[in-house]
>>> print(open('run_27.tsv').read())   # TSV, C-alpha atoms
chain	number	residue	atom	x	y	z
A	238	MET	CA	-154.30	-13.59	-25.65
A	239	ARG	CA	-152.74	-12.77	-29.01
A	240	LYS	CA	-149.96	-10.82	-27.29
A	241	ILE	CA	-149.20	-13.82	-25.08
A	242	ILE	CA	-148.98	-16.14	-28.09
A	243	ILE	CA	-146.66	-13.72	-29.92
A	244	SER	CA	-144.45	-13.42	-26.83
A	245	VAL	CA	-144.21	-17.19	-26.49
A	246	VAL	CA	-143.30	-17.56	-30.17
A	247	TRP	CA	-140.57	-14.92	-29.84
A	248	LEU	CA	-139.16	-16.68	-26.77
A	249	ILE	CA	-139.03	-19.97	-28.64
A	250	LEU	CA	-137.29	-18.35	-31.59
A	251	LEU	CA	-134.84	-16.55	-29.33
A	252	ASN	CA	-133.94	-19.74	-27.47
A	253	SER	CA	-133.57	-21.60	-30.75
A	254	CYS	CA	-131.12	-19.00	-32.02
A	255	LYS	CA	-129.12	-19.21	-28.82
A	256	SER	CA	-129.00	-23.01	-28.97
A	257	VAL	CA	-127.55	-23.12	-32.50
A	258	PRO	CA	-123.75	-22.79	-32.35
A	259	LYS	CA	-121.98	-20.02	-34.25
A	260	LEU	CA	-120.33	-22.19	-36.85
A	261	ASP	CA	-118.45	-19.79	-39.10
A	262	THR	CA	-115.39	-19.57	-36.86
A	263	LEU	CA	-115.50	-23.29	-36.09
A	264	ASN	CA	-115.61	-24.23	-39.77
A	265	LYS	CA	-112.79	-21.84	-40.65
A	266	ASP	CA	-110.63	-23.31	-37.88
A	267	ILE	CA	-111.32	-26.87	-39.07
A	268	ASN	CA	-110.56	-25.89	-42.67
A	269	LYS	CA	-107.29	-24.24	-41.64
A	270	CYS	CA	-106.31	-27.28	-39.58
A	271	VAL	CA	-106.89	-29.72	-42.47
A	272	LYS	CA	-104.96	-27.50	-44.88
A	273	GLY	CA	-102.12	-27.17	-42.36
A	274	ARG	CA	-101.83	-30.94	-42.02
A	275	THR	CA	-101.87	-31.25	-45.80
A	276	GLU	CA	-98.96	-28.82	-46.05
A	277	LEU	CA	-96.96	-30.94	-43.59
A	278	VAL	CA	-97.49	-34.00	-45.77
A	279	LYS	CA	-96.50	-32.05	-48.90
A	280	LYS	CA	-93.20	-31.23	-47.22
A	281	ASP	CA	-92.69	-34.83	-46.08
A	282	PHE	CA	-93.20	-36.09	-49.64
A	283	SER	CA	-91.45	-33.12	-51.27
A	284	LEU	CA	-94.55	-32.29	-53.32
A	285	LYS	CA	-94.22	-29.08	-55.27
A	286	GLU	CA	-97.70	-29.22	-56.83
A	287	GLU	CA	-100.79	-28.00	-55.07
A	288	PHE	CA	-102.71	-30.64	-53.13
A	289	ASP	CA	-106.02	-29.82	-51.47
A	290	LEU	CA	-107.53	-32.69	-49.46
A	291	TYR	CA	-111.03	-31.25	-49.61
A	292	GLN	CA	-110.76	-30.90	-53.39
A	293	PHE	CA	-109.52	-34.49	-53.59
A	294	TYR	CA	-112.63	-35.72	-51.78
A	295	LEU	CA	-114.85	-33.42	-53.84
A	296	THR	CA	-113.38	-35.01	-56.98
A	297	ILE	CA	-114.24	-38.46	-55.62
A	298	GLU	CA	-117.75	-37.25	-54.89
A	299	GLU	CA	-118.14	-35.85	-58.40
A	300	ILE	CA	-117.13	-39.24	-59.84
A	301	LEU	CA	-119.63	-41.00	-57.58
A	302	ILE	CA	-122.42	-38.74	-58.79
A	303	LYS	CA	-121.39	-38.88	-62.44
A	304	GLU	CA	-121.21	-42.68	-62.36
A	305	LYS	CA	-124.58	-42.93	-60.57
A	306	PHE	CA	-123.23	-44.35	-57.31
A	307	LEU	CA	-124.62	-41.28	-55.56
A	308	GLU	CA	-127.84	-39.52	-56.48
A	309	SER	CA	-126.73	-36.29	-54.83
A	310	LYS	CA	-124.61	-34.90	-52.01
A	311	SER	CA	-127.38	-35.48	-49.49
A	312	LYS	CA	-127.09	-37.55	-46.34
A	313	GLU	CA	-129.81	-39.88	-47.63
A	314	SER	CA	-127.78	-40.60	-50.77
A	315	TYR	CA	-124.75	-41.45	-48.65
A	316	LYS	CA	-126.86	-43.76	-46.49
A	317	ASN	CA	-127.83	-45.69	-49.61
A	318	LEU	CA	-124.22	-45.76	-50.79
A	319	PHE	CA	-123.04	-47.11	-47.43
A	320	LYS	CA	-125.70	-49.82	-47.49
A	321	GLU	CA	-124.67	-50.97	-50.94
A	322	ILE	CA	-120.93	-51.11	-50.31
A	323	GLU	CA	-121.54	-52.84	-46.98
A	324	SER	CA	-123.70	-55.45	-48.72
A	325	LEU	CA	-120.77	-56.56	-50.90
A	326	SER	CA	-119.67	-58.71	-47.98
A	327	TRP	CA	-122.60	-61.08	-48.57
A	328	ASP	CA	-124.01	-60.09	-51.95
A	329	LYS	CA	-121.53	-60.06	-54.85
A	330	LYS	CA	-123.85	-58.76	-57.58
A	331	ASN	CA	-122.35	-55.24	-57.52
A	332	GLU	CA	-118.76	-56.32	-57.03
A	333	THR	CA	-117.64	-55.70	-60.62
A	334	LYS	CA	-118.94	-52.14	-60.81
A	335	TYR	CA	-117.36	-51.26	-57.47
A	336	ASN	CA	-114.08	-52.84	-58.51
A	337	ASP	CA	-114.14	-50.68	-61.65
A	338	LEU	CA	-114.92	-47.67	-59.49
A	339	LEU	CA	-111.95	-48.39	-57.24
A	340	LYS	CA	-109.64	-48.59	-60.24
A	341	SER	CA	-110.97	-45.23	-61.39
A	342	LEU	CA	-110.45	-43.62	-57.98
A	343	ASP	CA	-107.02	-45.15	-57.60
A	344	SER	CA	-105.97	-43.46	-60.83
A	345	LEU	CA	-106.52	-40.01	-59.29
A	346	GLU	CA	-103.41	-37.96	-58.71
A	347	TYR	CA	-102.02	-38.35	-55.18
A	348	TYR	CA	-104.61	-40.98	-54.26
A	349	ASN	CA	-101.87	-42.95	-52.48
A	350	LEU	CA	-101.28	-40.17	-49.95
A	351	THR	CA	-104.27	-41.42	-47.97
A	352	ASP	CA	-102.58	-44.83	-47.80
A	353	TRP	CA	-99.09	-43.60	-46.97
A	354	SER	CA	-99.91	-40.88	-44.47
A	355	PHE	CA	-102.23	-41.18	-41.47
A	356	THR	CA	-101.77	-37.41	-41.11
A	357	ILE	CA	-103.79	-37.03	-44.31
A	358	LEU	CA	-106.22	-39.88	-43.69
A	359	LEU	CA	-107.20	-38.78	-40.20
A	360	ALA	CA	-107.15	-35.01	-40.76
A	361	PRO	CA	-110.93	-34.61	-41.33
A	362	PHE	CA	-111.63	-36.63	-38.17
A	363	GLU	CA	-109.05	-35.15	-35.84
A	364	CYS	CA	-109.40	-31.52	-36.92
A	365	ASN	CA	-113.19	-31.62	-36.60
A	366	ARG	CA	-112.98	-33.27	-33.20
A	367	PHE	CA	-110.24	-30.99	-31.88
A	368	PHE	CA	-112.00	-27.74	-32.74
A	369	ILE	CA	-115.45	-28.91	-31.63
A	370	GLU	CA	-113.81	-29.48	-28.25
A	371	LYS	CA	-111.82	-26.23	-28.37
A	372	HIS	CA	-115.00	-24.27	-29.07
A	373	ASN	CA	-116.68	-25.94	-26.08
A	374	LEU	CA	-119.24	-27.69	-28.28
A	375	LYS	CA	-118.45	-31.34	-27.57
A	376	GLU	CA	-121.27	-31.58	-25.02
A	377	SER	CA	-123.78	-29.56	-27.00
A	378	LYS	CA	-126.81	-31.43	-28.28
A	379	TYR	CA	-125.82	-30.33	-31.77
A	380	PHE	CA	-122.41	-32.02	-31.75
A	381	SER	CA	-122.13	-34.42	-28.79
A	382	ASP	CA	-122.87	-37.70	-30.61
A	383	TYR	CA	-120.91	-36.62	-33.67
A	384	TYR	CA	-117.90	-35.69	-31.53
A	385	LEU	CA	-117.86	-39.04	-29.70
A	386	LEU	CA	-118.16	-41.02	-32.92
A	387	LEU	CA	-115.35	-39.08	-34.61
A	388	PHE	CA	-113.17	-40.07	-31.67
A	389	ARG	CA	-114.28	-43.71	-31.72
A	390	VAL	CA	-113.95	-44.25	-35.47
A	391	ALA	CA	-110.61	-42.50	-35.93
A	392	THR	CA	-108.67	-43.11	-32.71
A	393	LYS	CA	-109.82	-46.65	-31.99
A	394	ASN	CA	-108.86	-47.89	-35.47
A	395	GLU	CA	-112.44	-48.78	-36.34
A	396	MET	CA	-112.76	-47.19	-39.76
A	397	THR	CA	-114.01	-50.51	-41.19
A	398	ASN	CA	-116.71	-50.96	-38.56
A	399	TRP	CA	-119.92	-50.38	-40.50
A	400	ARG	CA	-122.07	-50.05	-37.42
A	401	LEU	CA	-119.97	-47.10	-36.26
A	402	ASN	CA	-119.60	-45.66	-39.75
A	403	ASN	CA	-123.36	-45.55	-40.16
A	404	LYS	CA	-123.72	-43.94	-36.74
A	405	LEU	CA	-121.17	-41.28	-37.64
A	406	LEU	CA	-123.03	-40.57	-40.86
A	407	GLU	CA	-126.34	-40.35	-39.01
A	408	SER	CA	-124.92	-38.08	-36.30
A	409	THR	CA	-123.38	-35.57	-38.74
A	410	PRO	CA	-125.52	-32.43	-38.28
A	411	ASN	CA	-128.06	-32.24	-41.09
A	412	ARG	CA	-127.63	-28.50	-41.59
A	413	GLU	CA	-123.86	-28.87	-42.01
A	414	PHE	CA	-123.90	-31.82	-44.40
A	415	SER	CA	-123.78	-29.53	-47.41
A	416	ASN	CA	-120.31	-28.39	-46.24
A	417	ILE	CA	-117.33	-30.50	-47.39
A	418	VAL	CA	-115.78	-29.84	-43.97
A	419	TYR	CA	-118.30	-32.37	-42.63
A	420	ARG	CA	-118.67	-34.64	-45.67
A	421	ALA	CA	-114.91	-35.21	-46.01
A	422	SER	CA	-114.78	-37.81	-43.23
A	423	ILE	CA	-117.80	-39.61	-44.73
A	424	ILE	CA	-116.22	-39.75	-48.20
A	425	SER	CA	-112.96	-40.90	-46.60
A	426	LEU	CA	-114.75	-43.77	-44.83
A	427	PHE	CA	-116.38	-44.89	-48.07
A	428	TYR	CA	-113.09	-44.82	-49.99
A	429	GLU	CA	-111.13	-46.61	-47.25
A	430	ASN	CA	-113.78	-49.32	-46.90
A	431	LEU	CA	-113.91	-49.81	-50.67
A	432	LYS	CA	-110.14	-50.37	-50.75
A	433	TYR	CA	-110.30	-52.55	-47.64
A	434	TYR	CA	-113.03	-54.75	-49.10
A	435	PHE	CA	-111.11	-55.61	-52.25
A	436	LEU	CA	-107.92	-56.13	-50.28
A	437	PHE	CA	-109.60	-58.71	-48.05
A	438	LYS	CA	-112.57	-59.81	-50.14
A	439	ASP	CA	-111.44	-63.45	-50.23
A	440	LYS	CA	-110.83	-63.59	-46.48
A	441	PRO	CA	-113.40	-64.57	-43.80
A	442	SER	CA	-115.66	-61.74	-42.63
A	443	ASP	CA	-114.04	-61.60	-39.20
A	444	VAL	CA	-110.66	-60.94	-40.87
A	445	ARG	CA	-112.21	-58.17	-42.99
A	446	GLY	CA	-113.46	-56.55	-39.84
A	447	ARG	CA	-117.13	-56.57	-40.74
A	448	ASP	CA	-119.26	-55.93	-37.69
A	449	PRO	CA	-122.38	-58.16	-37.88
A	450	ASN	CA	-124.24	-55.85	-35.51
>>> encode(input="run_27.tsv", output="structure tokens")
Amino acid sequence: MRKIIISVVWLILLNSCKSVPKLDTLNKDINKCVKGRTELVKKDFSLKEEFDLYQFYLTIEEILIKEKFLESKSKESYKNLFKEIESLSWDKKNETKYNDLLKSLDSLEYYNLTDWSFTILLAPFECNRFFIEKHNLKESKYFSDYYLLLFRVATKNEMTNWRLNNKLLESTPNREFSNIVYRASIISLFYENLKYYFLFKDKPSDVRGRDPN
């Protein structure tokens, strides 16, 4: 009986190992893709200084943690952050501190590249999606929902749709959330929605693009 139990356990472990994608190559390909797109933008804007998009988003994240907007780099912390920024549409109590935060973020070097260049803005979405598909992982249980939401949010111009943003956050694989390759799109969504809110804060909610569902 004991031998049977051990055999069953080993089979479960073996199948689990097979079901988890080999991510090292995937992540390296995504990283290379994002850096390649960044280099194209550097040439377009004749930038001689180094610009690393991942480092830019990591700097934003460090500010969020330092200023107590984020408790940590965990998915749960980002869920709370998304809830609070979304609530600005109907509850103004945190508006001042988020306006101050936006001013701080907008003072970062090269912050305006994400406004001027969709190549930069969409890189974390399109590179992740492209290589998940190229590695034949778009239909895997691990990535299927995440892949579809990357496509919907980025290519359908729905970056200010909170319902979809929250779904993308939720579908980001838990084990990969510690990797900036996967957090970059989440930080990008937060930053873009923060800018979008203050740009349209005095307009009706339907103009701002807030999804009531």
>>> residues_around(input="run_27.tsv", residues="Ile322 (chain A)", least_positions_apart="5", cutoff="9 Å", atoms="only C-alpha atoms", output="list of chain:residue names")
A:Asn317, A:Asn331, A:Glu332, A:Tyr335, A:Phe427, A:Asn430, A:Leu431, A:Tyr434
>>> closest_residue(input="run_27.tsv", among="A:Lys404, A:Lys310, A:Lys432, A:Lys305", to="Lys340 (chain A)", atoms="all atoms listed in the file")
A:Lys432
>>> atom_distance(input="run_27.tsv", atom1="CA of Arg274 (chain A)", atom2="CA of Leu342 (chain A)")
22.1 Å
>>> atom_distance(input="run_27.tsv", atom1="CA of Phe367 (chain A)", atom2="CA of Tyr384 (chain A)")
9.0 Å
>>> closest_residue(input="run_27.tsv", among="A:Thr356, A:Thr392, A:Asn398, A:Asn411", to="Gly273 (chain A)", atoms="all atoms listed in the file")
A:Thr356
>>> build_atoms(input="run_27.tsv", residues="region 371-383 of chain A", atoms="N, CA and C atoms", output="PDB file, keeping the file's coordinate frame")
ATOM      1  N   LYS A 371    -112.407 -27.534 -28.686  1.00  0.00           N
ATOM      2  CA  LYS A 371    -111.820 -26.230 -28.370  1.00  0.00           C
ATOM      3  C   LYS A 371    -112.880 -25.139 -28.281  1.00  0.00           C
ATOM      4  N   HIS A 372    -113.924 -25.261 -29.097  1.00  0.00           N
ATOM      5  CA  HIS A 372    -115.000 -24.270 -29.070  1.00  0.00           C
ATOM      6  C   HIS A 372    -116.082 -24.617 -28.048  1.00  0.00           C
ATOM      7  N   ASN A 373    -115.765 -25.547 -27.171  1.00  0.00           N
ATOM      8  CA  ASN A 373    -116.680 -25.940 -26.080  1.00  0.00           C
ATOM      9  C   ASN A 373    -118.043 -26.416 -26.590  1.00  0.00           C
ATOM     10  N   LEU A 374    -117.996 -27.199 -27.678  1.00  0.00           N
ATOM     11  CA  LEU A 374    -119.240 -27.690 -28.280  1.00  0.00           C
ATOM     12  C   LEU A 374    -119.386 -29.201 -28.183  1.00  0.00           C
ATOM     13  N   LYS A 375    -118.426 -29.881 -27.568  1.00  0.00           N
ATOM     14  CA  LYS A 375    -118.450 -31.340 -27.570  1.00  0.00           C
ATOM     15  C   LYS A 375    -119.616 -31.906 -26.758  1.00  0.00           C
ATOM     16  N   GLU A 376    -120.142 -31.119 -25.825  1.00  0.00           N
ATOM     17  CA  GLU A 376    -121.270 -31.580 -25.020  1.00  0.00           C
ATOM     18  C   GLU A 376    -122.588 -30.951 -25.450  1.00  0.00           C
ATOM     19  N   SER A 377    -122.538 -30.154 -26.508  1.00  0.00           N
ATOM     20  CA  SER A 377    -123.780 -29.560 -27.000  1.00  0.00           C
ATOM     21  C   SER A 377    -124.628 -30.629 -27.681  1.00  0.00           C
ATOM     22  N   LYS A 378    -125.912 -30.466 -27.640  1.00  0.00           N
ATOM     23  CA  LYS A 378    -126.810 -31.430 -28.280  1.00  0.00           C
ATOM     24  C   LYS A 378    -126.517 -31.514 -29.778  1.00  0.00           C
ATOM     25  N   TYR A 379    -126.073 -30.422 -30.339  1.00  0.00           N
ATOM     26  CA  TYR A 379    -125.820 -30.330 -31.770  1.00  0.00           C
ATOM     27  C   TYR A 379    -124.663 -31.228 -32.217  1.00  0.00           C
ATOM     28  N   PHE A 380    -123.634 -31.338 -31.343  1.00  0.00           N
ATOM     29  CA  PHE A 380    -122.410 -32.020 -31.750  1.00  0.00           C
ATOM     30  C   PHE A 380    -121.998 -33.201 -30.874  1.00  0.00           C
ATOM     31  N   SER A 381    -122.651 -33.454 -29.770  1.00  0.00           N
ATOM     32  CA  SER A 381    -122.130 -34.420 -28.790  1.00  0.00           C
ATOM     33  C   SER A 381    -121.955 -35.822 -29.384  1.00  0.00           C
ATOM     34  N   ASP A 382    -122.980 -36.355 -30.031  1.00  0.00           N
ATOM     35  CA  ASP A 382    -122.870 -37.700 -30.610  1.00  0.00           C
ATOM     36  C   ASP A 382    -121.837 -37.734 -31.729  1.00  0.00           C
ATOM     37  N   TYR A 383    -121.845 -36.718 -32.561  1.00  0.00           N
ATOM     38  CA  TYR A 383    -120.910 -36.620 -33.670  1.00  0.00           C
ATOM     39  C   TYR A 383    -119.471 -36.590 -33.156  1.00  0.00           C
TER      40      TYR A 383
END
